[in-house]
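Quick look at structure-v2.cif (mmCIF, C-alpha atoms and all ligand atoms):
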data_data
loop_
_atom_site.label_atom_id
_atom_site.label_comp_id
_atom_site.auth_asym_id
_atom_site.auth_seq_id
_atom_site.Cartn_x
_atom_site.Cartn_y
_atom_site.Cartn_z
CA MET K 798 -65.20 16.45 -73.68
CA GLN K 799 -67.63 18.93 -75.18
CA THR K 800 -70.43 17.66 -72.91
CA GLU K 801 -68.09 18.07 -69.94
CA LEU K 802 -67.30 21.64 -71.00
CA ILE K 803 -71.01 22.49 -71.37
CA GLU K 804 -71.74 20.97 -67.95
CA THR K 805 -68.88 22.93 -66.34
CA THR K 806 -70.07 26.17 -67.94
CA GLN K 807 -73.65 25.55 -66.84
CA ALA K 808 -72.53 24.76 -63.30
CA ARG K 809 -70.42 27.94 -63.25
CA ASP K 810 -73.30 30.09 -64.55
CA GLN K 811 -75.71 28.53 -62.03
CA PHE K 812 -73.20 29.19 -59.25
CA LEU K 813 -72.68 32.84 -60.29
CA SER K 814 -76.38 33.51 -60.55
CA ILE K 815 -76.98 32.11 -57.05
CA VAL K 816 -74.08 34.14 -55.66
CA SER K 817 -75.31 37.28 -57.33
CA HIS K 818 -78.87 36.76 -56.03
CA GLU K 819 -77.64 36.05 -52.48
CA LEU K 820 -75.43 39.16 -52.49
CA LYS K 821 -77.98 41.48 -54.00
CA SER K 822 -81.10 40.75 -51.96
CA PRO K 823 -79.80 41.92 -48.56
CA LEU K 824 -78.27 44.98 -50.25
CA THR K 825 -81.65 45.88 -51.75
CA SER K 826 -83.20 45.54 -48.33
CA ILE K 827 -80.52 47.77 -46.78
CA LEU K 828 -81.18 50.35 -49.45
CA LEU K 829 -84.93 50.38 -48.87
CA SER K 830 -84.38 50.68 -45.13
CA ILE K 831 -81.97 53.58 -45.49
CA GLN K 832 -84.38 55.32 -47.84
CA SER K 833 -87.20 54.90 -45.37
CA GLN K 834 -84.96 56.22 -42.56
CA GLU K 835 -84.13 59.24 -44.69
CA ARG K 836 -87.79 59.94 -45.27
CA ILE K 837 -88.48 59.69 -41.54
CA LEU K 838 -85.54 61.94 -40.66
CA SER K 839 -86.44 64.54 -43.24
CA ALA K 840 -89.92 64.73 -41.71
CA ILE K 841 -88.52 65.75 -38.30
CA ASN K 842 -90.25 68.90 -37.00
CA SER K 843 -92.97 68.63 -39.56
CA ILE K 844 -94.61 65.49 -38.21
CA ASN K 845 -94.68 63.74 -34.89
CA LEU K 846 -91.51 61.62 -35.15
CA SER K 847 -91.58 58.32 -33.42
CA SER K 848 -88.05 57.40 -32.37
CA SER K 849 -89.02 53.73 -32.34
CA GLU K 850 -89.51 53.91 -36.14
CA VAL K 851 -85.93 55.08 -36.56
CA LEU K 852 -84.80 52.38 -34.18
CA SER K 853 -86.60 49.56 -35.96
CA SER K 854 -85.26 50.80 -39.27
CA SER K 855 -81.71 50.73 -37.88
CA LYS K 856 -82.30 47.22 -36.59
CA ILE K 857 -83.22 46.03 -40.07
CA ILE K 858 -80.07 47.63 -41.45
CA SER K 859 -77.83 45.93 -38.92
CA LYS K 860 -79.58 42.58 -39.34
CA GLU K 861 -79.12 42.72 -43.12
CA ILE K 862 -75.51 43.71 -42.74
CA ARG K 863 -74.97 40.68 -40.48
CA THR K 864 -76.63 38.48 -43.10
CA PHE K 865 -74.34 39.99 -45.72
CA VAL K 866 -71.28 39.22 -43.64
CA SER K 867 -72.31 35.59 -43.12
CA ILE K 868 -72.98 35.21 -46.84
CA ILE K 869 -69.46 36.42 -47.52
CA ASP K 870 -68.20 33.94 -44.93
CA SER K 871 -69.99 31.09 -46.65
CA LEU K 872 -68.66 32.22 -50.03
CA LEU K 873 -65.19 32.12 -48.60
CA ASP K 874 -65.72 28.49 -47.69
CA LEU K 875 -63.03 27.57 -50.15
CA ASP K 876 -62.76 24.04 -48.75
CA SER K 877 -66.26 23.26 -50.04
CA LEU K 878 -65.56 24.88 -53.40
CA LEU K 879 -62.34 22.93 -53.70
CA ASP K 880 -64.17 19.68 -52.85
CA VAL K 881 -66.77 20.40 -55.54
CA ALA K 882 -63.96 20.96 -58.05
CA LEU K 883 -62.31 17.67 -57.01
CA ILE K 884 -65.62 15.82 -57.32
CA SER K 885 -66.40 17.20 -60.77
CA GLU K 886 -62.93 16.20 -61.95
CA GLY K 887 -63.36 12.73 -60.42
CA LYS K 888 -60.39 13.40 -58.13
CA LEU K 889 -61.94 12.94 -54.70
CA LEU K 890 -59.37 10.45 -53.47
CA LEU K 891 -59.81 8.58 -50.22
CA ASN K 892 -57.20 7.50 -47.74
CA ARG K 893 -59.07 4.51 -46.29
CA LYS K 894 -57.85 2.70 -43.21
CA ARG K 895 -59.39 0.29 -40.73
CA THR K 896 -60.91 2.66 -38.16
CA ASN K 897 -62.85 2.35 -34.92
CA LEU K 898 -65.82 4.43 -36.03
CA SER K 899 -67.39 4.29 -32.55
CA THR K 900 -64.38 6.10 -31.07
CA LEU K 901 -64.26 8.57 -33.95
CA ILE K 902 -67.97 9.43 -33.47
CA ASN K 903 -67.59 9.84 -29.71
CA ASN K 904 -64.66 12.22 -30.23
CA ILE K 905 -66.53 14.28 -32.81
CA LEU K 906 -69.58 14.55 -30.53
CA LEU K 907 -67.38 15.60 -27.63
CA ASN K 908 -65.82 18.35 -29.75
CA GLU K 909 -69.17 19.59 -31.05
CA GLU K 910 -70.88 19.51 -27.63
CA GLU K 911 -70.37 23.23 -26.94
CA LYS K 912 -71.82 24.32 -30.29
CA LEU K 913 -74.90 22.14 -29.72
CA LYS K 914 -75.30 23.57 -26.24
CA SER K 915 -75.11 27.15 -27.43
CA ALA K 916 -77.76 26.35 -30.05
CA ASN K 917 -79.97 25.17 -27.17
CA ILE K 918 -80.08 21.64 -28.54
CA ARG K 919 -80.82 18.84 -26.09
CA PHE K 920 -78.71 15.99 -27.36
CA ASP K 921 -79.16 12.22 -26.87
CA LYS K 922 -76.81 9.57 -28.18
CA SER K 923 -76.54 5.82 -28.37
CA ILE K 924 -73.22 4.62 -29.77
CA GLN K 925 -72.45 0.93 -30.26
CA LYS K 926 -68.88 0.24 -29.10
CA ASN K 927 -65.93 -0.96 -31.19
CA VAL K 928 -67.45 -0.94 -34.65
CA PHE K 929 -64.60 -1.10 -37.15
CA VAL K 930 -64.93 0.11 -40.75
CA PHE K 931 -62.60 0.74 -43.66
CA ILE K 932 -62.87 4.50 -44.10
CA ASP K 933 -61.15 7.80 -44.74
CA LYS K 934 -61.37 9.16 -41.20
CA LEU K 935 -61.16 12.85 -42.11
CA ARG K 936 -63.76 12.60 -44.84
CA ILE K 937 -66.27 10.71 -42.65
CA GLU K 938 -65.65 13.26 -39.90
CA GLN K 939 -66.44 16.00 -42.43
CA VAL K 940 -69.79 14.32 -43.27
CA ILE K 941 -70.83 13.89 -39.62
CA LYS K 942 -69.86 17.48 -38.78
CA ASN K 943 -71.86 18.69 -41.76
CA LEU K 944 -75.00 16.89 -40.52
CA LEU K 945 -74.49 18.29 -37.02
CA SER K 946 -73.96 21.83 -38.30
CA ASN K 947 -77.13 21.53 -40.39
CA ALA K 948 -79.05 20.49 -37.28
CA ILE K 949 -77.66 23.58 -35.50
CA LYS K 950 -78.57 25.76 -38.48
CA TYR K 951 -82.04 24.39 -39.28
CA ALA K 952 -83.25 22.94 -35.97
CA PRO K 953 -81.84 25.10 -33.14
CA GLY K 954 -83.59 24.74 -29.79
CA ARG K 955 -84.98 21.32 -30.78
CA PRO K 956 -83.95 17.90 -29.45
CA LEU K 957 -81.44 15.91 -31.49
CA ASN K 958 -80.84 12.19 -31.41
CA PHE K 959 -77.72 10.35 -32.65
CA ILE K 960 -77.74 6.55 -32.99
CA PHE K 961 -74.80 4.49 -34.22
CA SER K 962 -75.16 0.72 -34.56
CA ILE K 963 -74.56 -2.29 -36.75
CA GLU K 964 -77.56 -2.96 -38.99
CA GLU K 965 -77.21 -6.09 -41.15
CA ASP K 966 -74.00 -5.59 -43.21
CA ASN K 967 -73.64 -1.92 -42.42
CA ALA K 968 -72.41 0.47 -39.78
CA THR K 969 -75.38 2.81 -39.60
CA ILE K 970 -75.58 6.38 -38.37
CA VAL K 971 -79.02 7.89 -37.77
CA LEU K 972 -79.30 11.56 -36.87
CA SER K 973 -82.85 12.71 -36.09
CA ASP K 974 -83.91 16.28 -35.42
CA LYS K 975 -87.28 17.85 -34.73
CA GLY K 976 -86.71 20.87 -36.97
CA PRO K 977 -88.70 22.11 -39.96
CA GLY K 978 -88.17 18.91 -41.98
CA ILE K 979 -87.66 18.72 -45.73
CA PRO K 980 -90.51 19.85 -47.99
CA THR K 981 -92.09 17.12 -50.15
CA GLY K 982 -90.15 16.52 -53.33
CA TYR K 983 -86.83 17.73 -51.93
CA ASP K 984 -85.65 14.58 -50.10
CA THR K 985 -83.32 13.51 -52.91
CA LYS K 986 -82.83 16.98 -54.43
CA ILE K 987 -81.08 18.40 -51.34
CA PHE K 988 -78.18 16.02 -52.07
CA ASP K 989 -77.63 17.69 -55.44
CA ARG K 990 -75.16 20.49 -56.09
CA PHE K 991 -76.39 23.97 -55.01
CA GLU K 992 -79.81 22.62 -54.00
CA ARG K 993 -81.56 24.18 -51.02
CA ALA K 994 -85.06 23.34 -49.87
CA GLY K 995 -86.49 26.84 -50.00
CA VAL K 996 -85.00 28.00 -46.69
CA THR K 997 -84.76 31.74 -47.05
CA SER K 998 -83.81 32.76 -43.52
CA THR K 999 -80.49 30.86 -43.49
CA VAL K 1000 -77.33 31.32 -45.47
CA GLY K 1001 -75.72 28.55 -47.48
CA LEU K 1002 -74.69 27.49 -50.93
CA GLY K 1003 -76.33 24.07 -50.85
CA LEU K 1004 -73.05 22.18 -51.16
CA GLY K 1005 -72.66 20.39 -47.81
CA LEU K 1006 -75.02 17.50 -48.49
CA PHE K 1007 -73.80 17.17 -52.07
CA ILE K 1008 -70.21 16.77 -50.89
CA SER K 1009 -71.36 14.43 -48.08
CA LYS K 1010 -73.22 12.23 -50.57
CA GLU K 1011 -70.16 12.01 -52.83
CA ILE K 1012 -67.94 11.06 -49.88
CA ILE K 1013 -70.36 8.33 -48.76
CA LEU K 1014 -70.76 7.00 -52.32
CA ALA K 1015 -66.97 6.86 -52.66
CA HIS K 1016 -67.06 4.57 -49.58
CA HIS K 1017 -69.68 2.40 -51.37
CA GLY K 1018 -72.21 3.53 -48.79
CA ARG K 1019 -75.53 5.32 -48.88
CA ILE K 1020 -76.90 8.54 -47.38
CA ARG K 1021 -80.55 9.47 -47.37
CA VAL K 1022 -83.14 11.49 -45.49
CA ILE K 1023 -86.55 10.49 -44.25
CA SER K 1024 -88.54 13.55 -43.38
CA GLU K 1025 -91.92 15.09 -42.98
CA ALA K 1026 -92.26 18.85 -43.33
CA GLY K 1027 -92.98 20.41 -39.96
CA ILE K 1028 -92.13 17.26 -38.01
CA GLY K 1029 -88.36 16.79 -38.42
CA SER K 1030 -85.64 15.11 -40.45
CA ARG K 1031 -83.86 11.81 -40.04
CA PHE K 1032 -80.54 11.52 -41.91
CA ILE K 1033 -79.31 7.95 -42.34
CA ILE K 1034 -75.82 6.87 -43.42
CA ASP K 1035 -74.97 3.24 -44.18
CA LEU K 1036 -71.30 2.29 -44.45
CA PRO K 1037 -70.43 -1.27 -45.47
CA LEU K 1038 -68.73 -3.29 -42.73
CA THR K 1039 -66.82 -5.45 -45.18
CA ARG K 1040 -63.61 -4.22 -46.66
CA GLU K 1041 -64.14 -3.98 -50.41
CA LYS K 1042 -61.74 -3.40 -53.25
CA ASP K 1043 -61.81 0.21 -54.55
P1 LIG K 1101 -76.75 24.52 -47.09
O1 LIG K 1101 -76.99 24.26 -45.64
O2 LIG K 1101 -75.54 25.32 -47.38
O3 LIG K 1101 -77.97 25.04 -47.79
P2 LIG K 1101 -76.64 21.61 -47.49
O4 LIG K 1101 -76.25 20.89 -48.73
O5 LIG K 1101 -75.95 21.22 -46.22
O6 LIG K 1101 -76.43 23.14 -47.82
O7 LIG K 1101 -78.21 21.41 -47.29
C1 LIG K 1101 -79.07 21.52 -48.41
C2 LIG K 1101 -80.47 21.91 -47.95
O8 LIG K 1101 -81.06 20.84 -47.22
C3 LIG K 1101 -80.53 23.10 -47.01
O9 LIG K 1101 -80.51 24.32 -47.70
C4 LIG K 1101 -81.85 22.88 -46.29
O10 LIG K 1101 -82.91 23.35 -47.10
C5 LIG K 1101 -81.95 21.35 -46.25
N1 LIG K 1101 -81.54 20.79 -44.94
C6 LIG K 1101 -80.35 20.22 -44.62
N2 LIG K 1101 -80.35 19.78 -43.35
C7 LIG K 1101 -81.57 20.06 -42.85
C8 LIG K 1101 -82.21 19.83 -41.57
N3 LIG K 1101 -81.57 19.22 -40.57
N4 LIG K 1101 -83.50 20.25 -41.44
C9 LIG K 1101 -84.15 20.86 -42.45
N5 LIG K 1101 -83.61 21.11 -43.68
C10 LIG K 1101 -82.34 20.72 -43.87
#
Once more with this new file: its structure as structure tokens, please.
Ligand code: ADP
Amino acid sequence: MQTELIETTQARDQFLSIVSHELKSPLTSILLSIQSQERILSAINSINLSSSEVLSSSKIISKEIRTFVSIIDSLLDLDSLLDVALISEGKLLLNRKRTNLSTLINNILLNEEEKLKSANIRFDKSIQKNVFVFIDKLRIEQVIKNLLSNAIKYAPGRPLNFIFSIEEDNATIVLSDKGPGIPTGYDTKIFDRFERAGVTSTVGLGLGLFISKEIILAHHGRIRVISEAGIGSRFIIDLPLTREKD
């Protein structure tokens, strides 16, 4: 119990330090920008003021404010935080039923089509028909949506390929993008709690893949990434076709 308590405290401290860092860095940038704007404005009449300097300074301020707002949005992603709490208490319970995963995938892709389009992603799919698995529909949907939203976030404007087929004893999903890829050494780490692979220009708490991994493990499946930095990422999910006992 004591080990559990130490782990919980460490996780909480790690979480708070990440949150505090994420909140403070755009604020610091805003502050520096405002200070520079003040210096420029106070020099009016005394030097040749370039209005484009004021403009670019204002642009930085508004960009950082937008970042700040999206950080707050991601912090308010209480669903993820609740899932992490359930996982750490061992209470991620599944409601597994025999499901046509092919139909589920097609419906998800149909619903996400607009988002992919607005991210300028050219999307190809190959879905094997009538593949039945014993799954918690909502949880598997959550995992697939998470992978798609990561592709939108990290590989906008790049082609994306979705393949669903039976491979040996598994129903296998392969999602390949041509984005920045995962830096060497991070291919297993990114599935850990709060882990991000050094992406500074995007906002996130590094929980999506952790939750996805836990959901897939609870289904006795496997999720992994094969990637080369600069080339792209291929996320692979294997879900057993046979109905096992929980
Ligand atoms: P978040 O997106 O909130 O950081 P995730 O757990 O979904 O959390 O992802 C963890 C990390 O994995 C991301 O921060 C990013 O570094 C990396 N990552 C995930 N998907 C991709 C992708 N498609 N391309 C490149 N990097 C990715």
request  = For each of K:Ser848, K:Lys894, K:Arg955, K:Ile1023, take the minimum atom-to-atom distance to Thr981 of chain K, counting all atoms listed in the file, then give the residue where this is smallest.
outcome  =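 Result for the nearest residue to Thr981 of chain K: K:Ile1023.
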From K:Arg993, K:Arg1021, K:Arg1031, K:Arg895, residue lying nearest ligand LIG 1101 (chain K) [all atoms listed in the file] =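 Using all atoms listed in the file, the shortest distance to ligand LIG 1101 (chain K) belongs to K:Arg993.
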Using all atoms listed in the file, find each protein or nucleic acid residue lying at most 6 Å from ligand LIG 1101 (chain K); present the set as a PDB file with C-alpha atoms, in the coordinates of the input.
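Output saved as part-v5.pdb:
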ATOM      1  CA  ASN K 947     -77.130  21.530 -40.390  1.00  0.00           C
ATOM      2  CA  ALA K 948     -79.050  20.490 -37.280  1.00  0.00           C
ATOM      3  CA  TYR K 951     -82.040  24.390 -39.280  1.00  0.00           C
ATOM      4  CA  GLY K 976     -86.710  20.870 -36.970  1.00  0.00           C
ATOM      5  CA  PRO K 977     -88.700  22.110 -39.960  1.00  0.00           C
ATOM      6  CA  GLY K 978     -88.170  18.910 -41.980  1.00  0.00           C
ATOM      7  CA  ILE K 979     -87.660  18.720 -45.730  1.00  0.00           C
ATOM      8  CA  ILE K 987     -81.080  18.400 -51.340  1.00  0.00           C
ATOM      9  CA  GLU K 992     -79.810  22.620 -54.000  1.00  0.00           C
ATOM     10  CA  ARG K 993     -81.560  24.180 -51.020  1.00  0.00           C
ATOM     11  CA  ALA K 994     -85.060  23.340 -49.870  1.00  0.00           C
ATOM     12  CA  GLY K 995     -86.490  26.840 -50.000  1.00  0.00           C
ATOM     13  CA  VAL K 996     -85.000  28.000 -46.690  1.00  0.00           C
ATOM     14  CA  GLY K1001     -75.720  28.550 -47.480  1.00  0.00           C
ATOM     15  CA  LEU K1002     -74.690  27.490 -50.930  1.00  0.00           C
ATOM     16  CA  GLY K1003     -76.330  24.070 -50.850  1.00  0.00           C
ATOM     17  CA  LEU K1004     -73.050  22.180 -51.160  1.00  0.00           C
ATOM     18  CA  GLY K1005     -72.660  20.390 -47.810  1.00  0.00           C
ATOM     19  CA  LEU K1006     -75.020  17.500 -48.490  1.00  0.00           C
ATOM     20  CA  PHE K1007     -73.800  17.170 -52.070  1.00  0.00           C
ATOM     21  CA  SER K1030     -85.640  15.110 -40.450  1.00  0.00           C
TER      22      SER K1030
END
key: Selected residue of minimal separation from Lys860 of chain K among K:Ile827, K:Leu1014, K:Leu879, K:Leu820, counting all atoms listed in the file   =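 Answer, going by the shortest atom-to-atom distance: K:Ile827.
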query = For Lys1010 of chain K, which residue among K:Leu852, K:Ala952, K:Ile884, K:Leu901 is the nearest when counting all atoms listed in the file?
reply =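 Counting all atoms listed in the file, the residue closest to Lys1010 of chain K is K:Ile884.
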Write out N, CA and C atoms for segment 919-940 of chain K, as a PDB file, in the coordinates of the input.
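File produced: out35.pdb:
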ATOM      1  N   ARG K 919     -80.958  19.948 -27.047  1.00  0.00           N
ATOM      2  CA  ARG K 919     -80.820  18.840 -26.090  1.00  0.00           C
ATOM      3  C   ARG K 919     -80.447  17.605 -26.888  1.00  0.00           C
ATOM      4  N   PHE K 920     -79.324  16.988 -26.498  1.00  0.00           N
ATOM      5  CA  PHE K 920     -78.710  15.990 -27.360  1.00  0.00           C
ATOM      6  C   PHE K 920     -78.667  14.617 -26.686  1.00  0.00           C
ATOM      7  N   ASP K 921     -79.208  13.604 -27.375  1.00  0.00           N
ATOM      8  CA  ASP K 921     -79.160  12.220 -26.870  1.00  0.00           C
ATOM      9  C   ASP K 921     -78.333  11.384 -27.822  1.00  0.00           C
ATOM     10  N   LYS K 922     -77.569  10.427 -27.266  1.00  0.00           N
ATOM     11  CA  LYS K 922     -76.810   9.570 -28.180  1.00  0.00           C
ATOM     12  C   LYS K 922     -76.813   8.122 -27.703  1.00  0.00           C
ATOM     13  N   SER K 923     -76.690   7.238 -28.682  1.00  0.00           N
ATOM     14  CA  SER K 923     -76.540   5.820 -28.370  1.00  0.00           C
ATOM     15  C   SER K 923     -75.523   5.275 -29.381  1.00  0.00           C
ATOM     16  N   ILE K 924     -74.319   4.986 -28.874  1.00  0.00           N
ATOM     17  CA  ILE K 924     -73.220   4.620 -29.770  1.00  0.00           C
ATOM     18  C   ILE K 924     -72.774   3.188 -29.476  1.00  0.00           C
ATOM     19  N   GLN K 925     -72.944   2.308 -30.440  1.00  0.00           N
ATOM     20  CA  GLN K 925     -72.450   0.930 -30.260  1.00  0.00           C
ATOM     21  C   GLN K 925     -70.919   0.951 -30.240  1.00  0.00           C
ATOM     22  N   LYS K 926     -70.351   0.180 -29.283  1.00  0.00           N
ATOM     23  CA  LYS K 926     -68.880   0.240 -29.100  1.00  0.00           C
ATOM     24  C   LYS K 926     -68.130  -0.593 -30.134  1.00  0.00           C
ATOM     25  N   ASN K 927     -66.899  -0.189 -30.394  1.00  0.00           N
ATOM     26  CA  ASN K 927     -65.930  -0.960 -31.190  1.00  0.00           C
ATOM     27  C   ASN K 927     -66.452  -1.489 -32.518  1.00  0.00           C
ATOM     28  N   VAL K 928     -67.045  -0.586 -33.280  1.00  0.00           N
ATOM     29  CA  VAL K 928     -67.450  -0.940 -34.650  1.00  0.00           C
ATOM     30  C   VAL K 928     -66.338  -0.456 -35.593  1.00  0.00           C
ATOM     31  N   PHE K 929     -65.724  -1.433 -36.280  1.00  0.00           N
ATOM     32  CA  PHE K 929     -64.600  -1.100 -37.150  1.00  0.00           C
ATOM     33  C   PHE K 929     -65.040  -1.060 -38.615  1.00  0.00           C
ATOM     34  N   VAL K 930     -64.615   0.003 -39.322  1.00  0.00           N
ATOM     35  CA  VAL K 930     -64.930   0.110 -40.750  1.00  0.00           C
ATOM     36  C   VAL K 930     -63.676   0.577 -41.497  1.00  0.00           C
ATOM     37  N   PHE K 931     -63.735   0.404 -42.821  1.00  0.00           N
ATOM     38  CA  PHE K 931     -62.600   0.740 -43.660  1.00  0.00           C
ATOM     39  C   PHE K 931     -62.885   2.087 -44.319  1.00  0.00           C
ATOM     40  N   ILE K 932     -62.433   3.164 -43.654  1.00  0.00           N
ATOM     41  CA  ILE K 932     -62.870   4.500 -44.100  1.00  0.00           C
ATOM     42  C   ILE K 932     -61.727   5.516 -44.136  1.00  0.00           C
ATOM     43  N   ASP K 933     -62.010   6.624 -44.826  1.00  0.00           N
ATOM     44  CA  ASP K 933     -61.150   7.800 -44.740  1.00  0.00           C
ATOM     45  C   ASP K 933     -61.691   8.619 -43.558  1.00  0.00           C
ATOM     46  N   LYS K 934     -60.955   8.555 -42.457  1.00  0.00           N
ATOM     47  CA  LYS K 934     -61.370   9.160 -41.200  1.00  0.00           C
ATOM     48  C   LYS K 934     -61.768  10.635 -41.340  1.00  0.00           C
ATOM     49  N   LEU K 935     -60.904  11.410 -42.007  1.00  0.00           N
ATOM     50  CA  LEU K 935     -61.160  12.850 -42.110  1.00  0.00           C
ATOM     51  C   LEU K 935     -62.408  13.153 -42.917  1.00  0.00           C
ATOM     52  N   ARG K 936     -62.592  12.364 -43.982  1.00  0.00           N
ATOM     53  CA  ARG K 936     -63.760  12.600 -44.840  1.00  0.00           C
ATOM     54  C   ARG K 936     -65.060  12.220 -44.128  1.00  0.00           C
ATOM     55  N   ILE K 937     -65.048  11.119 -43.372  1.00  0.00           N
ATOM     56  CA  ILE K 937     -66.270  10.710 -42.650  1.00  0.00           C
ATOM     57  C   ILE K 937     -66.551  11.723 -41.524  1.00  0.00           C
ATOM     58  N   GLU K 938     -65.489  12.216 -40.909  1.00  0.00           N
ATOM     59  CA  GLU K 938     -65.650  13.260 -39.900  1.00  0.00           C
ATOM     60  C   GLU K 938     -66.321  14.501 -40.510  1.00  0.00           C
ATOM     61  N   GLN K 939     -65.870  14.845 -41.718  1.00  0.00           N
ATOM     62  CA  GLN K 939     -66.440  16.000 -42.430  1.00  0.00           C
ATOM     63  C   GLN K 939     -67.958  15.819 -42.635  1.00  0.00           C
ATOM     64  N   VAL K 940     -68.372  14.600 -43.024  1.00  0.00           N
ATOM     65  CA  VAL K 940     -69.790  14.320 -43.270  1.00  0.00           C
ATOM     66  C   VAL K 940     -70.593  14.464 -41.971  1.00  0.00           C
TER      67      VAL K 940
END
